[in-house]
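J.: This is the content of structure-v4.pdb (PDB, C-alpha atoms, pLDDT in the B column):
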```
ATOM      1  CA  MET A  45     243.825-170.224 112.559  1.00 94.00           C
ATOM      2  CA  PRO A  46     247.507-169.156 112.656  1.00 97.00           C
ATOM      3  CA  ARG A  47     248.286-165.801 111.047  1.00 98.00           C
ATOM      4  CA  ILE A  48     251.562-166.001 109.133  1.00 98.00           C
ATOM      5  CA  GLY A  49     253.194-162.865 107.786  1.00 98.00           C
ATOM      6  CA  VAL A  50     254.937-163.371 104.436  1.00 98.00           C
ATOM      7  CA  VAL A  51     257.374-160.580 103.608  1.00 98.00           C
ATOM      8  CA  LEU A  52     257.867-159.945  99.888  1.00 98.00           C
ATOM      9  CA  SER A  53     260.580-157.798  98.312  1.00 98.00           C
ATOM     10  CA  GLY A  54     259.284-157.112  94.803  1.00 97.00           C
ATOM     11  CA  CYS A  55     258.480-159.482  91.948  1.00 98.00           C
ATOM     12  CA  GLY A  56     261.240-161.454  90.222  1.00 97.00           C
ATOM     13  CA  VAL A  57     264.415-163.211  91.323  1.00 96.00           C
ATOM     14  CA  ASN A  58     266.921-160.617  90.085  1.00 96.00           C
ATOM     15  CA  ASP A  59     265.433-157.487  91.643  1.00 95.00           C
ATOM     16  CA  GLY A  60     262.613-158.650  93.939  1.00 97.00           C
ATOM     17  CA  ALA A  61     261.087-161.688  95.614  1.00 98.00           C
ATOM     18  CA  GLU A  62     261.809-165.091  94.065  1.00 98.00           C
ATOM     19  CA  ILE A  63     258.410-165.947  92.606  1.00 98.00           C
ATOM     20  CA  HIS A  64     258.632-169.743  92.899  1.00 98.00           C
ATOM     21  CA  GLU A  65     259.738-169.539  96.540  1.00 98.00           C
ATOM     22  CA  SER A  66     256.989-167.026  97.337  1.00 98.00           C
ATOM     23  CA  VAL A  67     254.222-169.048  95.688  1.00 98.00           C
ATOM     24  CA  ILE A  68     255.375-172.355  97.180  1.00 98.00           C
ATOM     25  CA  THR A  69     255.389-170.723 100.628  1.00 98.00           C
ATOM     26  CA  MET A  70     251.870-169.382 100.074  1.00 98.00           C
ATOM     27  CA  LEU A  71     250.621-172.714  98.727  1.00 98.00           C
ATOM     28  CA  GLU A  72     251.962-174.654 101.713  1.00 98.00           C
ATOM     29  CA  LEU A  73     250.448-172.153 104.150  1.00 98.00           C
ATOM     30  CA  ASP A  74     247.094-172.324 102.369  1.00 98.00           C
ATOM     31  CA  LYS A  75     247.136-176.133 102.334  1.00 98.00           C
ATOM     32  CA  ALA A  76     247.768-176.064 106.096  1.00 98.00           C
ATOM     33  CA  GLY A  77     244.794-173.759 106.677  1.00 97.00           C
ATOM     34  CA  ALA A  78     246.861-170.774 107.818  1.00 98.00           C
ATOM     35  CA  GLU A  79     245.842-167.167 107.267  1.00 98.00           C
ATOM     36  CA  MET A  80     248.443-165.312 105.190  1.00 98.00           C
ATOM     37  CA  ILE A  81     249.241-161.668 105.796  1.00 98.00           C
ATOM     38  CA  LEU A  82     251.290-160.657 102.766  1.00 98.00           C
ATOM     39  CA  MET A  83     253.333-157.505 103.125  1.00 98.00           C
ATOM     40  CA  ALA A  84     256.186-155.471 101.677  1.00 98.00           C
ATOM     41  CA  PRO A  85     257.833-152.128 102.453  1.00 98.00           C
ATOM     42  CA  ASN A  86     256.513-149.153 100.473  1.00 98.00           C
ATOM     43  CA  ILE A  87     259.861-148.114  98.957  1.00 98.00           C
ATOM     44  CA  ASP A  88     261.533-147.847  95.556  1.00 96.00           C
ATOM     45  CA  GLN A  89     263.462-150.871  94.306  1.00 95.00           C
ATOM     46  CA  LEU A  90     267.227-150.481  94.126  1.00 87.00           C
ATOM     47  CA  HIS A  91     266.958-150.990  90.357  1.00 94.00           C
ATOM     48  CA  VAL A  92     264.906-152.854  87.762  1.00 88.00           C
ATOM     49  CA  ILE A  93     266.258-155.883  85.894  1.00 95.00           C
ATOM     50  CA  ASN A  94     264.965-157.144  82.548  1.00 93.00           C
ATOM     51  CA  HIS A  95     264.496-160.805  83.429  1.00 95.00           C
ATOM     52  CA  TYR A  96     264.643-161.790  79.743  1.00 95.00           C
ATOM     53  CA  THR A  97     268.047-160.235  79.009  1.00 95.00           C
ATOM     54  CA  GLY A  98     269.460-159.896  82.528  1.00 91.00           C
ATOM     55  CA  GLN A  99     270.241-156.242  81.850  1.00 94.00           C
ATOM     56  CA  GLU A 100     269.398-153.298  84.105  1.00 93.00           C
ATOM     57  CA  MET A 101     266.546-151.126  82.819  1.00 94.00           C
ATOM     58  CA  ASP A 102     266.235-147.345  82.979  1.00 94.00           C
ATOM     59  CA  GLU A 103     263.021-147.215  85.022  1.00 94.00           C
ATOM     60  CA  TYR A 104     261.765-147.136  88.592  1.00 94.00           C
ATOM     61  CA  ARG A 105     259.457-149.558  90.386  1.00 96.00           C
ATOM     62  CA  ASN A 106     257.993-149.708  93.879  1.00 98.00           C
ATOM     63  CA  VAL A 107     258.580-152.775  96.078  1.00 98.00           C
ATOM     64  CA  LEU A 108     255.036-152.810  97.487  1.00 98.00           C
ATOM     65  CA  VAL A 109     253.408-152.303  94.072  1.00 98.00           C
ATOM     66  CA  GLU A 110     255.512-155.058  92.482  1.00 98.00           C
ATOM     67  CA  SER A 111     254.932-157.443  95.410  1.00 98.00           C
ATOM     68  CA  ALA A 112     251.197-156.922  94.933  1.00 98.00           C
ATOM     69  CA  ARG A 113     251.549-158.850  91.655  1.00 98.00           C
ATOM     70  CA  ILE A 114     252.408-162.017  93.596  1.00 98.00           C
ATOM     71  CA  ALA A 115     249.798-161.273  96.272  1.00 98.00           C
ATOM     72  CA  ARG A 116     247.061-160.680  93.668  1.00 96.00           C
ATOM     73  CA  GLY A 117     246.566-157.260  95.233  1.00 95.00           C
ATOM     74  CA  ASN A 118     245.881-158.545  98.759  1.00 97.00           C
ATOM     75  CA  ILE A 119     248.900-156.998 100.469  1.00 98.00           C
ATOM     76  CA  LYS A 120     249.756-154.604 103.280  1.00 98.00           C
ATOM     77  CA  ASP A 121     252.311-151.851 103.609  1.00 98.00           C
ATOM     78  CA  MET A 122     254.769-153.327 106.124  1.00 98.00           C
ATOM     79  CA  ALA A 123     254.758-150.034 108.050  1.00 98.00           C
ATOM     80  CA  GLU A 124     251.166-150.806 109.083  1.00 98.00           C
ATOM     81  CA  VAL A 125     251.934-154.280 110.481  1.00 98.00           C
ATOM     82  CA  SER A 126     253.020-155.016 114.046  1.00 98.00           C
ATOM     83  CA  SER A 127     253.892-158.217 115.902  1.00 98.00           C
ATOM     84  CA  GLY A 128     250.358-158.351 117.299  1.00 97.00           C
ATOM     85  CA  ASP A 129     249.034-158.895 113.762  1.00 98.00           C
ATOM     86  CA  VAL A 130     251.001-162.106 113.113  1.00 98.00           C
ATOM     87  CA  ASP A 131     251.957-165.362 114.823  1.00 98.00           C
ATOM     88  CA  ALA A 132     255.110-165.823 112.712  1.00 98.00           C
ATOM     89  CA  LEU A 133     257.053-164.303 109.811  1.00 98.00           C
ATOM     90  CA  ILE A 134     258.413-165.987 106.690  1.00 98.00           C
ATOM     91  CA  PHE A 135     260.815-164.335 104.243  1.00 98.00           C
ATOM     92  CA  PRO A 136     261.034-165.893 100.755  1.00 98.00           C
ATOM     93  CA  GLY A 137     264.333-165.238  98.983  1.00 97.00           C
ATOM     94  CA  GLY A 138     265.286-163.491  95.762  1.00 97.00           C
ATOM     95  CA  PHE A 139     267.742-160.647  95.248  1.00 97.00           C
ATOM     96  CA  GLY A 140     265.075-158.228  96.516  1.00 98.00           C
ATOM     97  CA  VAL A 141     265.968-159.396 100.038  1.00 98.00           C
ATOM     98  CA  ALA A 142     269.590-158.373  99.437  1.00 98.00           C
ATOM     99  CA  LYS A 143     268.815-155.228  97.404  1.00 97.00           C
ATOM    100  CA  ASN A 144     265.526-153.843  98.753  1.00 98.00           C
ATOM    101  CA  LEU A 145     264.931-155.245 102.248  1.00 98.00           C
ATOM    102  CA  SER A 146     268.638-154.768 102.960  1.00 98.00           C
ATOM    103  CA  ASP A 147     271.740-153.687 101.056  1.00 97.00           C
ATOM    104  CA  TYR A 148     273.555-157.006 101.559  1.00 97.00           C
ATOM    105  CA  ALA A 149     274.119-157.390  97.793  1.00 96.00           C
ATOM    106  CA  MET A 150     276.227-154.227  97.795  1.00 95.00           C
ATOM    107  CA  THR A 151     277.886-154.194 101.212  1.00 96.00           C
ATOM    108  CA  GLY A 152     278.001-157.825 102.391  1.00 94.00           C
ATOM    109  CA  ALA A 153     278.506-158.293 106.133  1.00 95.00           C
ATOM    110  CA  ASN A 154     278.471-154.508 106.648  1.00 96.00           C
ATOM    111  CA  CYS A 155     274.880-154.314 105.380  1.00 97.00           C
ATOM    112  CA  SER A 156     272.056-152.234 106.800  1.00 97.00           C
ATOM    113  CA  ILE A 157     268.399-153.290 107.016  1.00 98.00           C
ATOM    114  CA  ASN A 158     265.254-151.483 105.868  1.00 98.00           C
ATOM    115  CA  PRO A 159     263.747-149.814 108.983  1.00 98.00           C
ATOM    116  CA  ASP A 160     260.318-151.490 108.667  1.00 97.00           C
ATOM    117  CA  VAL A 161     261.907-154.910 108.160  1.00 98.00           C
ATOM    118  CA  LEU A 162     264.188-154.359 111.154  1.00 98.00           C
ATOM    119  CA  ARG A 163     261.377-153.105 113.411  1.00 98.00           C
ATOM    120  CA  LEU A 164     258.854-155.863 112.666  1.00 98.00           C
ATOM    121  CA  THR A 165     261.426-158.668 112.735  1.00 98.00           C
ATOM    122  CA  LYS A 166     262.742-157.553 116.116  1.00 98.00           C
ATOM    123  CA  GLU A 167     259.195-157.186 117.484  1.00 98.00           C
ATOM    124  CA  VAL A 168     258.286-160.707 116.356  1.00 98.00           C
ATOM    125  CA  HIS A 169     261.531-162.161 117.683  1.00 98.00           C
ATOM    126  CA  GLN A 170     261.209-160.389 121.046  1.00 98.00           C
ATOM    127  CA  ASP A 171     257.685-161.810 121.334  1.00 98.00           C
ATOM    128  CA  CYS A 172     259.198-165.311 120.922  1.00 97.00           C
ATOM    129  CA  LYS A 173     257.351-165.941 117.654  1.00 98.00           C
ATOM    130  CA  PRO A 174     258.988-168.066 114.928  1.00 98.00           C
ATOM    131  CA  ILE A 175     260.696-166.712 111.820  1.00 98.00           C
ATOM    132  CA  GLY A 176     261.307-168.650 108.596  1.00 98.00           C
ATOM    133  CA  VAL A 177     264.034-167.547 106.185  1.00 98.00           C
ATOM    134  CA  ILE A 178     264.434-168.960 102.691  1.00 98.00           C
ATOM    135  CA  CYS A 179     267.298-168.833 100.157  1.00 98.00           C
ATOM    136  CA  ILE A 180     269.387-165.639 100.681  1.00 97.00           C
ATOM    137  CA  ALA A 181     267.119-164.310 103.476  1.00 98.00           C
ATOM    138  CA  PRO A 182     269.284-165.856 106.249  1.00 98.00           C
ATOM    139  CA  ALA A 183     272.081-163.453 105.268  1.00 97.00           C
ATOM    140  CA  MET A 184     269.806-160.548 106.156  1.00 97.00           C
ATOM    141  CA  MET A 185     268.486-162.295 109.281  1.00 98.00           C
ATOM    142  CA  ALA A 186     272.030-162.863 110.516  1.00 97.00           C
ATOM    143  CA  LYS A 187     272.502-159.088 110.623  1.00 97.00           C
ATOM    144  CA  ILE A 188     269.214-158.554 112.481  1.00 97.00           C
ATOM    145  CA  LEU A 189     269.496-161.325 115.071  1.00 96.00           C
ATOM    146  CA  GLY A 190     273.172-162.288 115.421  1.00 91.00           C
ATOM    147  CA  GLU A 191     273.622-164.002 118.796  1.00 92.00           C
ATOM    148  CA  ASP A 192     274.920-167.263 117.282  1.00 94.00           C
ATOM    149  CA  THR A 193     271.491-167.909 115.745  1.00 97.00           C
ATOM    150  CA  GLU A 194     271.838-171.074 113.654  1.00 98.00           C
ATOM    151  CA  MET A 195     270.753-170.798 110.011  1.00 97.00           C
ATOM    152  CA  THR A 196     271.685-171.979 106.526  1.00 98.00           C
ATOM    153  CA  ILE A 197     272.017-170.797 102.948  1.00 97.00           C
ATOM    154  CA  GLY A 198     273.253-174.228 101.859  1.00 96.00           C
ATOM    155  CA  PHE A 199     276.925-174.518 100.950  1.00 96.00           C
ATOM    156  CA  ASP A 200     277.975-171.132  99.509  1.00 94.00           C
ATOM    157  CA  GLU A 201     281.239-170.364 101.309  1.00 95.00           C
ATOM    158  CA  GLN A 202     281.280-166.566 100.951  1.00 95.00           C
ATOM    159  CA  THR A 203     277.702-166.092 102.187  1.00 96.00           C
ATOM    160  CA  ALA A 204     278.270-168.604 104.989  1.00 97.00           C
ATOM    161  CA  ASN A 205     281.343-166.640 106.116  1.00 97.00           C
ATOM    162  CA  ASP A 206     279.340-163.408 106.022  1.00 97.00           C
ATOM    163  CA  ILE A 207     276.638-164.969 108.200  1.00 97.00           C
ATOM    164  CA  ASP A 208     279.296-165.955 110.734  1.00 97.00           C
ATOM    165  CA  ASP A 209     280.895-162.487 110.544  1.00 97.00           C
ATOM    166  CA  MET A 210     277.516-160.897 111.341  1.00 97.00           C
ATOM    167  CA  GLY A 211     277.310-162.859 114.574  1.00 96.00           C
ATOM    168  CA  ALA A 212     275.050-165.734 113.572  1.00 97.00           C
ATOM    169  CA  LYS A 213     276.195-169.332 113.008  1.00 97.00           C
ATOM    170  CA  HIS A 214     276.008-170.897 109.573  1.00 98.00           C
ATOM    171  CA  ILE A 215     275.158-174.600 109.294  1.00 98.00           C
ATOM    172  CA  THR A 216     275.706-176.318 105.942  1.00 97.00           C
ATOM    173  CA  CYS A 217     272.543-177.984 104.691  1.00 97.00           C
ATOM    174  CA  PRO A 218     271.365-179.762 101.516  1.00 97.00           C
ATOM    175  CA  VAL A 219     268.603-178.158  99.465  1.00 97.00           C
ATOM    176  CA  LYS A 220     265.831-180.536 100.576  1.00 97.00           C
ATOM    177  CA  ASP A 221     266.426-180.031 104.303  1.00 98.00           C
ATOM    178  CA  ILE A 222     266.007-177.314 106.916  1.00 98.00           C
ATOM    179  CA  VAL A 223     268.033-175.963 109.824  1.00 98.00           C
ATOM    180  CA  ILE A 224     266.092-175.354 113.039  1.00 98.00           C
ATOM    181  CA  ASP A 225     267.306-173.116 115.842  1.00 98.00           C
ATOM    182  CA  THR A 226     264.845-174.327 118.454  1.00 97.00           C
ATOM    183  CA  GLU A 227     265.826-171.795 121.111  1.00 96.00           C
ATOM    184  CA  LYS A 228     265.691-168.746 118.802  1.00 97.00           C
ATOM    185  CA  LYS A 229     262.706-170.127 116.825  1.00 98.00           C
ATOM    186  CA  VAL A 230     264.378-169.548 113.466  1.00 98.00           C
ATOM    187  CA  VAL A 231     263.940-172.024 110.594  1.00 98.00           C
ATOM    188  CA  SER A 232     265.904-171.816 107.328  1.00 98.00           C
ATOM    189  CA  THR A 233     266.287-173.703 104.044  1.00 98.00           C
ATOM    190  CA  PRO A 234     268.581-173.126 101.015  1.00 98.00           C
ATOM    191  CA  ALA A 235     265.916-173.260  98.254  1.00 98.00           C
ATOM    192  CA  TYR A 236     267.339-171.636  95.092  1.00 98.00           C
ATOM    193  CA  MET A 237     270.709-170.992  96.712  1.00 96.00           C
ATOM    194  CA  GLU A 238     271.169-174.691  95.875  1.00 97.00           C
ATOM    195  CA  ALA A 239     268.054-175.894  94.027  1.00 97.00           C
ATOM    196  CA  LYS A 240     268.362-177.069  90.422  1.00 97.00           C
ATOM    197  CA  SER A 241     264.588-177.393  89.966  1.00 97.00           C
ATOM    198  CA  ILE A 242     261.344-176.111  91.434  1.00 98.00           C
ATOM    199  CA  LYS A 243     260.634-179.478  93.075  1.00 97.00           C
ATOM    200  CA  GLU A 244     263.960-179.341  94.919  1.00 97.00           C
ATOM    201  CA  ALA A 245     263.167-175.861  96.212  1.00 97.00           C
ATOM    202  CA  ALA A 246     259.653-176.967  97.164  1.00 98.00           C
ATOM    203  CA  GLU A 247     260.792-179.864  99.331  1.00 98.00           C
ATOM    204  CA  GLY A 248     262.765-177.704 101.741  1.00 98.00           C
ATOM    205  CA  ILE A 249     260.200-174.896 101.747  1.00 98.00           C
ATOM    206  CA  SER A 250     257.421-177.373 102.565  1.00 98.00           C
ATOM    207  CA  LYS A 251     259.428-178.603 105.567  1.00 98.00           C
ATOM    208  CA  LEU A 252     260.150-175.024 106.655  1.00 98.00           C
ATOM    209  CA  VAL A 253     256.479-174.003 106.559  1.00 98.00           C
ATOM    210  CA  ALA A 254     255.479-177.138 108.482  1.00 98.00           C
ATOM    211  CA  GLU A 255     258.097-176.452 111.160  1.00 98.00           C
ATOM    212  CA  VAL A 256     257.092-172.785 111.531  1.00 98.00           C
ATOM    213  CA  LEU A 257     253.446-173.807 111.950  1.00 98.00           C
ATOM    214  CA  LYS A 258     254.475-176.493 114.464  1.00 98.00           C
ATOM    215  CA  MET A 259     256.301-173.820 116.494  1.00 98.00           C
ATOM    216  CA  VAL A 260     253.247-171.554 116.352  1.00 98.00           C
ATOM    217  CA  ALA A 261     251.077-174.386 117.663  1.00 95.00           C
ATOM    218  CA  GLY A 262     253.520-174.841 120.538  1.00 89.00           C
TER     219      GLY A 262
END
```
Would you encode the structure as structure tokens?
T.:
Amino acid sequence: MPRIGVVLSGCGVNDGAEIHESVITMLELDKAGAEMILMAPNIDQLHVINHYTGQEMDEYRNVLVESARIARGNIKDMAEVSSGDVDALIFPGGFGVAKNLSDYAMTGANCSINPDVLRLTKEVHQDCKPIGVICIAPAMMAKILGEDTEMTIGFDEQTANDIDDMGAKHITCPVKDIVIDTEKKVVSTPAYMEAKSIKEAAEGISKLVAEVLKMVAG
């Protein structure tokens, strides 16, 4: 049974992991019979957004604690996970990727990456294990991997330019499709960077999960 690490970044599109993308990823993995190892870094969120009003709230929340909502409590502190624990990694999107796992939302192509995210991603990549990146997550992955790694966020020109500036190679891609870098074992799909509905997001994510599992199987 393949062990797939799913890296969450909080709970909610505006300040954490995109819930639809996270759940669709988990559903597709479960349907395929994979073991999921859900994880998140044990850090404070950048800020908390009221998802009803869109306004910032005067409170603090923890990324691991919030991610546990999506994981139904079955989650690990990312600091405790190494490449030997997983056969692949998948990063759902949401602004938490660009605010908590990295600071891409604030600094763009000059962003820095959370140390646990950077460590585990590089371990997995160096062990030639596949990595799936959904929605905005390729912008973070471009900073980590560079090396002309091919990936997509869809059609957004500014983010695509940032991905190129960080040393990766952006490929335009419609919402229902995926981009596969076979050599680097990186799979990406636009999801809610382009999706107008949950079924549109689901189509690309389903293909991404299937391709990651195919790479794991060799």
J.: Convert the output of the PyMOL selection byres ((chain A and resi 145) around 8) on the shown file into explicit residues, formatted as number ranges by chain.
T.: A: 53, 85, 140-144, 146-147, 157-158, 161
J.: Go ahead and save the picked residues with C-alpha atoms, as a PDB file, keeping the file's coordinate frame.
T.:
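In the end it all went to result.pdb:
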```
ATOM      1  CA  SER A  53     260.580-157.798  98.312  1.00 98.00           C
ATOM      2  CA  PRO A  85     257.833-152.128 102.453  1.00 98.00           C
ATOM      3  CA  GLY A 140     265.075-158.228  96.516  1.00 98.00           C
ATOM      4  CA  VAL A 141     265.968-159.396 100.038  1.00 98.00           C
ATOM      5  CA  ALA A 142     269.590-158.373  99.437  1.00 98.00           C
ATOM      6  CA  LYS A 143     268.815-155.228  97.404  1.00 97.00           C
ATOM      7  CA  ASN A 144     265.526-153.843  98.753  1.00 98.00           C
ATOM      8  CA  SER A 146     268.638-154.768 102.960  1.00 98.00           C
ATOM      9  CA  ASP A 147     271.740-153.687 101.056  1.00 97.00           C
ATOM     10  CA  ILE A 157     268.399-153.290 107.016  1.00 98.00           C
ATOM     11  CA  ASN A 158     265.254-151.483 105.868  1.00 98.00           C
ATOM     12  CA  VAL A 161     261.907-154.910 108.160  1.00 98.00           C
TER      13      VAL A 161
END
```
J.: Go through A:Asp192, A:Glu124, A:Asp221, A:Glu244 and flag the residue nearest Ile207 of chain A, using all atoms listed in the file for the distances.
T.: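 Of all the options, A:Asp192 lies closest to Ile207 of chain A.
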J.: What's the separation between atom CA of Val260 of chain A and atom CA of Pro46 of chain A, in Å to one decimal place?
T.: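 For atom CA of Val260 of chain A relative to atom CA of Pro46 of chain A, the distance reads 7.2 Å.
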J.: Starting from the PyMOL selection byres ((chain A and resi 50) around 8), expand the selection into actual residues of this file and give them as a list in words.
T.: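 Checking the PyMOL selection byres ((chain A and resi 50) around 8) against this file, the residues are Ile48, Gly49, Val51, Leu52, Met80, Ile81, Leu82, Met83, Leu133, Ile134, Phe135 and Pro136 of chain A.
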J.: Could you please determine the separation between atom CA of Gly54 of chain A and atom CA of Glu110 of chain A in Å, to one decimal place?
T.: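 It comes out at 4.9 Å.
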J.: Find, counting all atoms listed in the file, the residue in A:Val256, A:Ala112, A:Ala153, A:Ala239 that gets nearest to Asp206 of chain A.
T.: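 Between A:Val256, A:Ala112, A:Ala153, A:Ala239, the residue approaching Asp206 of chain A most closely is A:Ala153.
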